[in-house]
$ cat work-v4.pdb   # PDB, C-alpha atoms
MODEL        1
ATOM      1  CA  MET A 185       5.260 -45.942 -10.395
ATOM      2  CA  THR A 186       5.955 -47.097 -13.905
ATOM      3  CA  ASP A 187       8.189 -49.429 -15.839
ATOM      4  CA  THR A 188      10.095 -48.115 -18.802
ATOM      5  CA  ILE A 189      11.428 -50.245 -21.625
ATOM      6  CA  GLU A 190      14.153 -48.297 -23.327
ATOM      7  CA  ALA A 191      14.310 -49.694 -26.827
ATOM      8  CA  LYS A 192      17.140 -52.193 -27.171
ATOM      9  CA  ALA A 193      17.866 -52.077 -23.406
ATOM     10  CA  ASN A 194      17.129 -54.273 -20.429
ATOM     11  CA  MET A 195      13.886 -53.567 -18.627
ATOM     12  CA  GLN A 196      14.033 -52.450 -15.007
ATOM     13  CA  THR A 197      11.151 -53.263 -12.702
ATOM     14  CA  VAL A 198      10.090 -50.440 -10.374
ATOM     15  CA  SER A 199       6.369 -51.083 -10.458
ATOM     16  CA  ALA A 200       3.479 -52.237  -8.313
ATOM     17  CA  LEU A 201       2.911 -54.924 -10.962
ATOM     18  CA  PRO A 202       4.612 -58.235 -10.162
ATOM     19  CA  PRO A 203       8.037 -58.484 -11.858
ATOM     20  CA  GLU A 204       7.013 -61.553 -13.864
ATOM     21  CA  GLU A 205       3.938 -59.709 -15.191
ATOM     22  CA  THR A 206       6.028 -56.685 -16.129
ATOM     23  CA  GLU A 207       8.496 -58.960 -17.911
ATOM     24  CA  ARG A 208       5.692 -60.768 -19.749
ATOM     25  CA  LEU A 209       4.073 -57.502 -20.818
ATOM     26  CA  GLY A 210       7.403 -56.071 -21.971
ATOM     27  CA  THR A 211       8.276 -59.167 -23.975
ATOM     28  CA  GLU A 212       4.838 -59.375 -25.580
ATOM     29  CA  ILE A 213       4.758 -55.636 -26.348
ATOM     30  CA  VAL A 214       8.099 -55.920 -28.154
ATOM     31  CA  GLY A 215       6.720 -58.938 -30.025
ATOM     32  CA  ALA A 216       3.644 -56.941 -31.024
ATOM     33  CA  LEU A 217       5.809 -54.023 -32.196
ATOM     34  CA  LYS A 218       7.774 -56.422 -34.393
ATOM     35  CA  THR A 219       4.559 -57.157 -36.326
ATOM     36  CA  VAL A 220       4.303 -53.530 -37.477
ATOM     37  CA  PHE A 221       6.105 -52.708 -40.713
ATOM     38  CA  ASP A 222       6.602 -49.399 -42.440
ATOM     39  CA  PRO A 223       4.724 -49.995 -45.724
ATOM     40  CA  GLU A 224       7.721 -48.743 -47.719
ATOM     41  CA  ILE A 225      10.488 -50.604 -45.854
ATOM     42  CA  PRO A 226      10.664 -54.412 -45.472
ATOM     43  CA  ALA A 227      11.741 -54.266 -41.809
ATOM     44  CA  ASP A 228       9.669 -53.911 -38.660
ATOM     45  CA  ILE A 229       9.561 -50.613 -36.781
ATOM     46  CA  TYR A 230      11.244 -52.040 -33.670
ATOM     47  CA  GLU A 231      14.296 -53.288 -35.576
ATOM     48  CA  LEU A 232      14.382 -50.032 -37.560
ATOM     49  CA  GLY A 233      14.887 -48.227 -34.255
ATOM     50  CA  LEU A 234      11.705 -46.151 -34.515
ATOM     51  CA  ILE A 235      10.589 -47.033 -30.968
ATOM     52  CA  TYR A 236      12.288 -44.760 -28.456
ATOM     53  CA  LYS A 237      10.476 -45.567 -25.218
ATOM     54  CA  VAL A 238       7.754 -47.848 -23.879
ATOM     55  CA  GLU A 239       6.420 -47.113 -20.413
ATOM     56  CA  ILE A 240       4.116 -49.584 -18.637
ATOM     57  CA  LYS A 241       2.222 -47.868 -15.837
ATOM     58  CA  ASP A 242       0.757 -49.488 -12.738
ATOM     59  CA  ASP A 243      -2.759 -49.255 -14.215
ATOM     60  CA  ARG A 244      -1.437 -51.103 -17.320
ATOM     61  CA  THR A 245      -1.606 -47.986 -19.472
ATOM     62  CA  VAL A 246       1.217 -48.038 -22.006
ATOM     63  CA  ASP A 247       2.837 -44.784 -23.131
ATOM     64  CA  LEU A 248       5.022 -45.172 -26.179
ATOM     65  CA  ASP A 249       7.369 -42.657 -27.822
ATOM     66  CA  MET A 250       8.253 -43.348 -31.420
ATOM     67  CA  THR A 251       9.606 -41.476 -34.366
ATOM     68  CA  LEU A 252       9.438 -41.802 -38.124
ATOM     69  CA  THR A 253      12.289 -42.044 -40.598
ATOM     70  CA  THR A 254      11.428 -38.538 -41.810
ATOM     71  CA  PRO A 255       8.812 -35.893 -40.963
ATOM     72  CA  ASN A 256       7.541 -36.312 -44.532
ATOM     73  CA  CYS A 257       7.030 -40.069 -44.126
ATOM     74  CA  PRO A 258       4.057 -41.138 -46.270
ATOM     75  CA  ALA A 259       3.003 -43.593 -43.531
ATOM     76  CA  ALA A 260       2.873 -40.860 -40.851
ATOM     77  CA  ALA A 261      -0.913 -40.986 -40.678
ATOM     78  CA  GLU A 262      -1.224 -44.772 -40.389
ATOM     79  CA  LEU A 263       1.832 -46.000 -38.455
ATOM     80  CA  PRO A 264       0.842 -44.597 -35.025
ATOM     81  CA  THR A 265      -2.572 -46.267 -35.287
ATOM     82  CA  MET A 266      -0.949 -49.528 -36.375
ATOM     83  CA  VAL A 267       1.374 -49.341 -33.350
ATOM     84  CA  GLU A 268      -1.487 -48.522 -30.982
ATOM     85  CA  ASN A 269      -3.549 -51.460 -32.266
ATOM     86  CA  ALA A 270      -0.617 -53.894 -32.081
ATOM     87  CA  VAL A 271       0.266 -52.978 -28.491
ATOM     88  CA  ALA A 272      -3.406 -52.929 -27.435
ATOM     89  CA  SER A 273      -3.727 -56.535 -28.668
ATOM     90  CA  VAL A 274      -1.365 -57.756 -25.924
ATOM     91  CA  PRO A 275      -3.414 -59.426 -23.162
ATOM     92  CA  GLY A 276      -3.370 -57.336 -19.995
ATOM     93  CA  VAL A 277      -2.501 -54.027 -21.648
ATOM     94  CA  GLY A 278      -4.808 -51.120 -20.863
ATOM     95  CA  VAL A 279      -4.997 -47.829 -22.738
ATOM     96  CA  VAL A 280      -2.192 -47.266 -25.260
ATOM     97  CA  ASN A 281      -0.900 -43.750 -25.953
ATOM     98  CA  VAL A 282       1.422 -43.336 -28.939
ATOM     99  CA  ASN A 283       3.433 -40.117 -29.114
ATOM    100  CA  ILE A 284       5.407 -39.108 -32.196
ATOM    101  CA  VAL A 285       8.686 -37.444 -31.221
ATOM    102  CA  TRP A 286      11.366 -35.874 -33.388
ATOM    103  CA  GLU A 287      14.201 -35.646 -30.865
ATOM    104  CA  PRO A 288      16.582 -37.262 -31.195
ATOM    105  CA  PRO A 289      16.139 -37.448 -34.946
ATOM    106  CA  TRP A 290      16.133 -40.928 -36.431
ATOM    107  CA  THR A 291      19.283 -42.004 -38.273
ATOM    108  CA  PRO A 292      20.182 -45.351 -39.881
ATOM    109  CA  GLU A 293      22.574 -45.993 -36.968
ATOM    110  CA  ARG A 294      19.499 -46.724 -34.815
ATOM    111  CA  MET A 295      18.731 -49.863 -36.854
ATOM    112  CA  SER A 296      19.503 -53.289 -35.439
ATOM    113  CA  ASP A 297      21.795 -55.709 -37.226
ATOM    114  CA  GLU A 298      18.658 -57.650 -38.203
ATOM    115  CA  ALA A 299      17.218 -54.601 -39.988
ATOM    116  CA  ARG A 300      20.550 -53.890 -41.680
ATOM    117  CA  LEU A 301      20.641 -57.466 -42.953
ATOM    118  CA  VAL A 302      17.076 -57.291 -44.297
ATOM    119  CA  LEU A 303      17.791 -53.958 -45.990
ATOM    120  CA  ASN A 304      21.258 -55.039 -47.179
ATOM    121  CA  MET A 305      22.851 -52.011 -45.485
ATOM    122  CA  TRP A 306      26.269 -53.357 -44.468
TER     123      TRP A 306
ENDMDL
END

$ encode --input "work-v4.pdb" --output "structure tokens"
Amino acid sequence: MTDTIEAKANMQTVSALPPEETERLGTEIVGALKTVFDPEIPADIYELGLIYKVEIKDDRTVDLDMTLTTPNCPAAAELPTMVENAVASVPGVGVVNVNIVWEPPWTPERMSDEARLVLNMW
């Protein structure tokens, strides 16, 4: 079984891991993701809405689906590694797999209010 954190949604626990451990991991993973910034945009990738799914498996492996603002993003080579390293730094996390996905395509509507404020996009 696995736990999935849908970005911007409540986490549901359906795992062999204790619920409090799943909650801790989820909270700390989101915190780690908020330390990763697109080098060209002054907002973190979580608030930009680039994280589509985080799945915490029973063996503590974390599978993460993310996208980029555009397929031609200059940071395409470095952002997945930055995300992998940030999530791997969370105590208790095992192997981290970062998958770049293009569906659904990213649009500015995916940004949080925090990101809109930082980018002055009201």

$ resolve_selection --input "work-v4.pdb" --expression "the PyMOL selection byres ((chain A and resi 216-224) around 10)" --output "number ranges by chain"
A: 210-215, 225-232, 234-235, 252-253, 257-260, 262-264, 266-274

$ atom_distance --input "work-v4.pdb" --atom1 "CA of Pro202 (chain A)" --atom2 "CA of Lys237 (chain A)"
20.5 Å

$ residues_around --input "work-v4.pdb" --residues "Ile284 (chain A)" --least-positions-apart "5" --cutoff "6 Å" --atoms "all atoms listed in the file" --output "list of chain:residue names"
A:Asp249, A:Met250, A:Thr251

$ write_last_selection --input "work-v4.pdb" --atoms "C-alpha atoms" --output "compact mmCIF listing (two decimals), in the frame of the given file"
# COMPACT_ATOMS: atom_id res chain seq x y z
CA ASP A 249 7.37 -42.66 -27.82
CA MET A 250 8.25 -43.35 -31.42
CA THR A 251 9.61 -41.48 -34.37

$ resolve_selection --input "work-v4.pdb" --expression "the PyMOL selection byres ((chain A and resi 294) around 9)" --output "VMD selection string"
chain A and resid 231 to 234 290 to 293 295 to 296

$ atom_distance --input "work-v4.pdb" --atom1 "CA of Arg300 (chain A)" --atom2 "CA of Trp286 (chain A)"
21.9 Å

$ closest_residue --input "work-v4.pdb" --among "A:Met305, A:Ala200, A:Leu209, A:Leu248" --to "Val285 (chain A)" --atoms "all atoms listed in the file"
A:Leu248

$ closest_residue --input "work-v4.pdb" --among "A:Val282, A:Ala299, A:Val246, A:Val277" --to "Glu205 (chain A)" --atoms "all atoms listed in the file"
A:Val277

$ resolve_selection --input "work-v4.pdb" --expression "the PyMOL selection byres ((chain A and resi 244) around 9)" --output "PyMOL selection string"
chain A and resi 201+240-243+245-246+276-280

$ axis_aligned_box --input "work-v4.pdb" --around "region 264-282 of chain A" --padding-each-side "4 Å" --output "AutoDock Vina command-line options"
--center_x -1.8 --center_y -51.4 --center_z -28.2 --size_x 14.4 --size_y 24.1 --size_z 24.4

$ atom_distance --input "work-v4.pdb" --atom1 "CA of Thr265 (chain A)" --atom2 "CA of Asn283 (chain A)"
10.6 Å

$ closest_residue --input "work-v4.pdb" --among "A:Glu204, A:Asn256, A:Ala261, A:Asn281" --to "Glu239 (chain A)" --atoms "only C-alpha atoms"
A:Asn281

$ build_atoms --input "work-v4.pdb" --residues "region 240-270 of chain A" --atoms "N, CA and C atoms" --output "PDB file, keeping the file's coordinate frame"
ATOM      1  N   ILE A 240       5.268 -48.826 -19.129  1.00  0.00           N
ATOM      2  CA  ILE A 240       4.116 -49.584 -18.637  1.00  0.00           C
ATOM      3  C   ILE A 240       3.785 -49.042 -17.256  1.00  0.00           C
ATOM      4  N   LYS A 241       2.612 -48.462 -17.117  1.00  0.00           N
ATOM      5  CA  LYS A 241       2.222 -47.868 -15.837  1.00  0.00           C
ATOM      6  C   LYS A 241       1.508 -48.900 -14.967  1.00  0.00           C
ATOM      7  N   ASP A 242       1.384 -48.568 -13.689  1.00  0.00           N
ATOM      8  CA  ASP A 242       0.757 -49.488 -12.738  1.00  0.00           C
ATOM      9  C   ASP A 242      -0.672 -49.869 -13.124  1.00  0.00           C
ATOM     10  N   ASP A 243      -1.386 -48.952 -13.799  1.00  0.00           N
ATOM     11  CA  ASP A 243      -2.759 -49.255 -14.215  1.00  0.00           C
ATOM     12  C   ASP A 243      -2.804 -49.959 -15.574  1.00  0.00           C
ATOM     13  N   ARG A 244      -1.610 -50.378 -16.056  1.00  0.00           N
ATOM     14  CA  ARG A 244      -1.437 -51.103 -17.320  1.00  0.00           C
ATOM     15  C   ARG A 244      -1.574 -50.218 -18.556  1.00  0.00           C
ATOM     16  N   THR A 245      -1.680 -48.916 -18.346  1.00  0.00           N
ATOM     17  CA  THR A 245      -1.606 -47.986 -19.472  1.00  0.00           C
ATOM     18  C   THR A 245      -0.199 -48.079 -20.047  1.00  0.00           C
ATOM     19  N   VAL A 246      -0.089 -48.005 -21.357  1.00  0.00           N
ATOM     20  CA  VAL A 246       1.217 -48.038 -22.006  1.00  0.00           C
ATOM     21  C   VAL A 246       1.404 -46.730 -22.769  1.00  0.00           C
ATOM     22  N   ASP A 247       2.454 -45.990 -22.408  1.00  0.00           N
ATOM     23  CA  ASP A 247       2.837 -44.784 -23.131  1.00  0.00           C
ATOM     24  C   ASP A 247       4.047 -45.132 -23.977  1.00  0.00           C
ATOM     25  N   LEU A 248       3.981 -44.791 -25.248  1.00  0.00           N
ATOM     26  CA  LEU A 248       5.022 -45.172 -26.179  1.00  0.00           C
ATOM     27  C   LEU A 248       5.475 -43.948 -26.959  1.00  0.00           C
ATOM     28  N   ASP A 249       6.790 -43.705 -26.984  1.00  0.00           N
ATOM     29  CA  ASP A 249       7.369 -42.657 -27.822  1.00  0.00           C
ATOM     30  C   ASP A 249       8.002 -43.323 -29.022  1.00  0.00           C
ATOM     31  N   MET A 250       7.665 -42.825 -30.186  1.00  0.00           N
ATOM     32  CA  MET A 250       8.253 -43.348 -31.420  1.00  0.00           C
ATOM     33  C   MET A 250       8.543 -42.192 -32.353  1.00  0.00           C
ATOM     34  N   THR A 251       9.326 -42.475 -33.353  1.00  0.00           N
ATOM     35  CA  THR A 251       9.606 -41.476 -34.366  1.00  0.00           C
ATOM     36  C   THR A 251       9.336 -42.097 -35.729  1.00  0.00           C
ATOM     37  N   LEU A 252       9.559 -41.330 -36.749  1.00  0.00           N
ATOM     38  CA  LEU A 252       9.438 -41.802 -38.124  1.00  0.00           C
ATOM     39  C   LEU A 252      10.772 -41.553 -38.811  1.00  0.00           C
ATOM     40  N   THR A 253      11.005 -42.207 -39.923  1.00  0.00           N
ATOM     41  CA  THR A 253      12.289 -42.044 -40.598  1.00  0.00           C
ATOM     42  C   THR A 253      12.484 -40.611 -41.095  1.00  0.00           C
ATOM     43  N   THR A 254      11.385 -39.924 -41.366  1.00  0.00           N
ATOM     44  CA  THR A 254      11.428 -38.538 -41.810  1.00  0.00           C
ATOM     45  C   THR A 254      10.093 -37.872 -41.486  1.00  0.00           C
ATOM     46  N   PRO A 255      10.088 -36.574 -41.210  1.00  0.00           N
ATOM     47  CA  PRO A 255       8.812 -35.893 -40.963  1.00  0.00           C
ATOM     48  C   PRO A 255       7.840 -35.982 -42.148  1.00  0.00           C
ATOM     49  N   ASN A 256       8.375 -36.211 -43.331  1.00  0.00           N
ATOM     50  CA  ASN A 256       7.541 -36.312 -44.532  1.00  0.00           C
ATOM     51  C   ASN A 256       7.167 -37.749 -44.868  1.00  0.00           C
ATOM     52  N   CYS A 257       7.321 -38.651 -43.910  1.00  0.00           N
ATOM     53  CA  CYS A 257       7.030 -40.069 -44.126  1.00  0.00           C
ATOM     54  C   CYS A 257       5.596 -40.253 -44.607  1.00  0.00           C
ATOM     55  N   PRO A 258       5.409 -40.919 -45.756  1.00  0.00           N
ATOM     56  CA  PRO A 258       4.057 -41.138 -46.270  1.00  0.00           C
ATOM     57  C   PRO A 258       3.169 -41.961 -45.333  1.00  0.00           C
ATOM     58  N   ALA A 259       3.775 -42.756 -44.451  1.00  0.00           N
ATOM     59  CA  ALA A 259       3.003 -43.593 -43.531  1.00  0.00           C
ATOM     60  C   ALA A 259       2.727 -42.887 -42.206  1.00  0.00           C
ATOM     61  N   ALA A 260       3.025 -41.603 -42.115  1.00  0.00           N
ATOM     62  CA  ALA A 260       2.873 -40.860 -40.851  1.00  0.00           C
ATOM     63  C   ALA A 260       1.460 -40.928 -40.298  1.00  0.00           C
ATOM     64  N   ALA A 261       0.475 -40.964 -41.142  1.00  0.00           N
ATOM     65  CA  ALA A 261      -0.913 -40.986 -40.678  1.00  0.00           C
ATOM     66  C   ALA A 261      -1.322 -42.368 -40.165  1.00  0.00           C
ATOM     67  N   GLU A 262      -0.775 -43.425 -40.743  1.00  0.00           N
ATOM     68  CA  GLU A 262      -1.224 -44.772 -40.389  1.00  0.00           C
ATOM     69  C   GLU A 262      -0.351 -45.507 -39.384  1.00  0.00           C
ATOM     70  N   LEU A 263       0.947 -45.242 -39.344  1.00  0.00           N
ATOM     71  CA  LEU A 263       1.832 -46.000 -38.455  1.00  0.00           C
ATOM     72  C   LEU A 263       1.480 -45.873 -36.972  1.00  0.00           C
ATOM     73  N   PRO A 264       1.201 -44.671 -36.445  1.00  0.00           N
ATOM     74  CA  PRO A 264       0.842 -44.597 -35.025  1.00  0.00           C
ATOM     75  C   PRO A 264      -0.390 -45.432 -34.669  1.00  0.00           C
ATOM     76  N   THR A 265      -1.372 -45.459 -35.536  1.00  0.00           N
ATOM     77  CA  THR A 265      -2.572 -46.267 -35.287  1.00  0.00           C
ATOM     78  C   THR A 265      -2.239 -47.751 -35.352  1.00  0.00           C
ATOM     79  N   MET A 266      -1.377 -48.129 -36.278  1.00  0.00           N
ATOM     80  CA  MET A 266      -0.949 -49.528 -36.375  1.00  0.00           C
ATOM     81  C   MET A 266      -0.209 -49.947 -35.107  1.00  0.00           C
ATOM     82  N   VAL A 267       0.632 -49.059 -34.584  1.00  0.00           N
ATOM     83  CA  VAL A 267       1.374 -49.341 -33.350  1.00  0.00           C
ATOM     84  C   VAL A 267       0.411 -49.447 -32.168  1.00  0.00           C
ATOM     85  N   GLU A 268      -0.496 -48.502 -32.066  1.00  0.00           N
ATOM     86  CA  GLU A 268      -1.487 -48.522 -30.982  1.00  0.00           C
ATOM     87  C   GLU A 268      -2.276 -49.827 -30.989  1.00  0.00           C
ATOM     88  N   ASN A 269      -2.759 -50.232 -32.155  1.00  0.00           N
ATOM     89  CA  ASN A 269      -3.549 -51.460 -32.266  1.00  0.00           C
ATOM     90  C   ASN A 269      -2.728 -52.697 -31.925  1.00  0.00           C
ATOM     91  N   ALA A 270      -1.472 -52.736 -32.360  1.00  0.00           N
ATOM     92  CA  ALA A 270      -0.617 -53.894 -32.081  1.00  0.00           C
ATOM     93  C   ALA A 270      -0.369 -54.031 -30.582  1.00  0.00           C
TER      94      ALA A 270
END
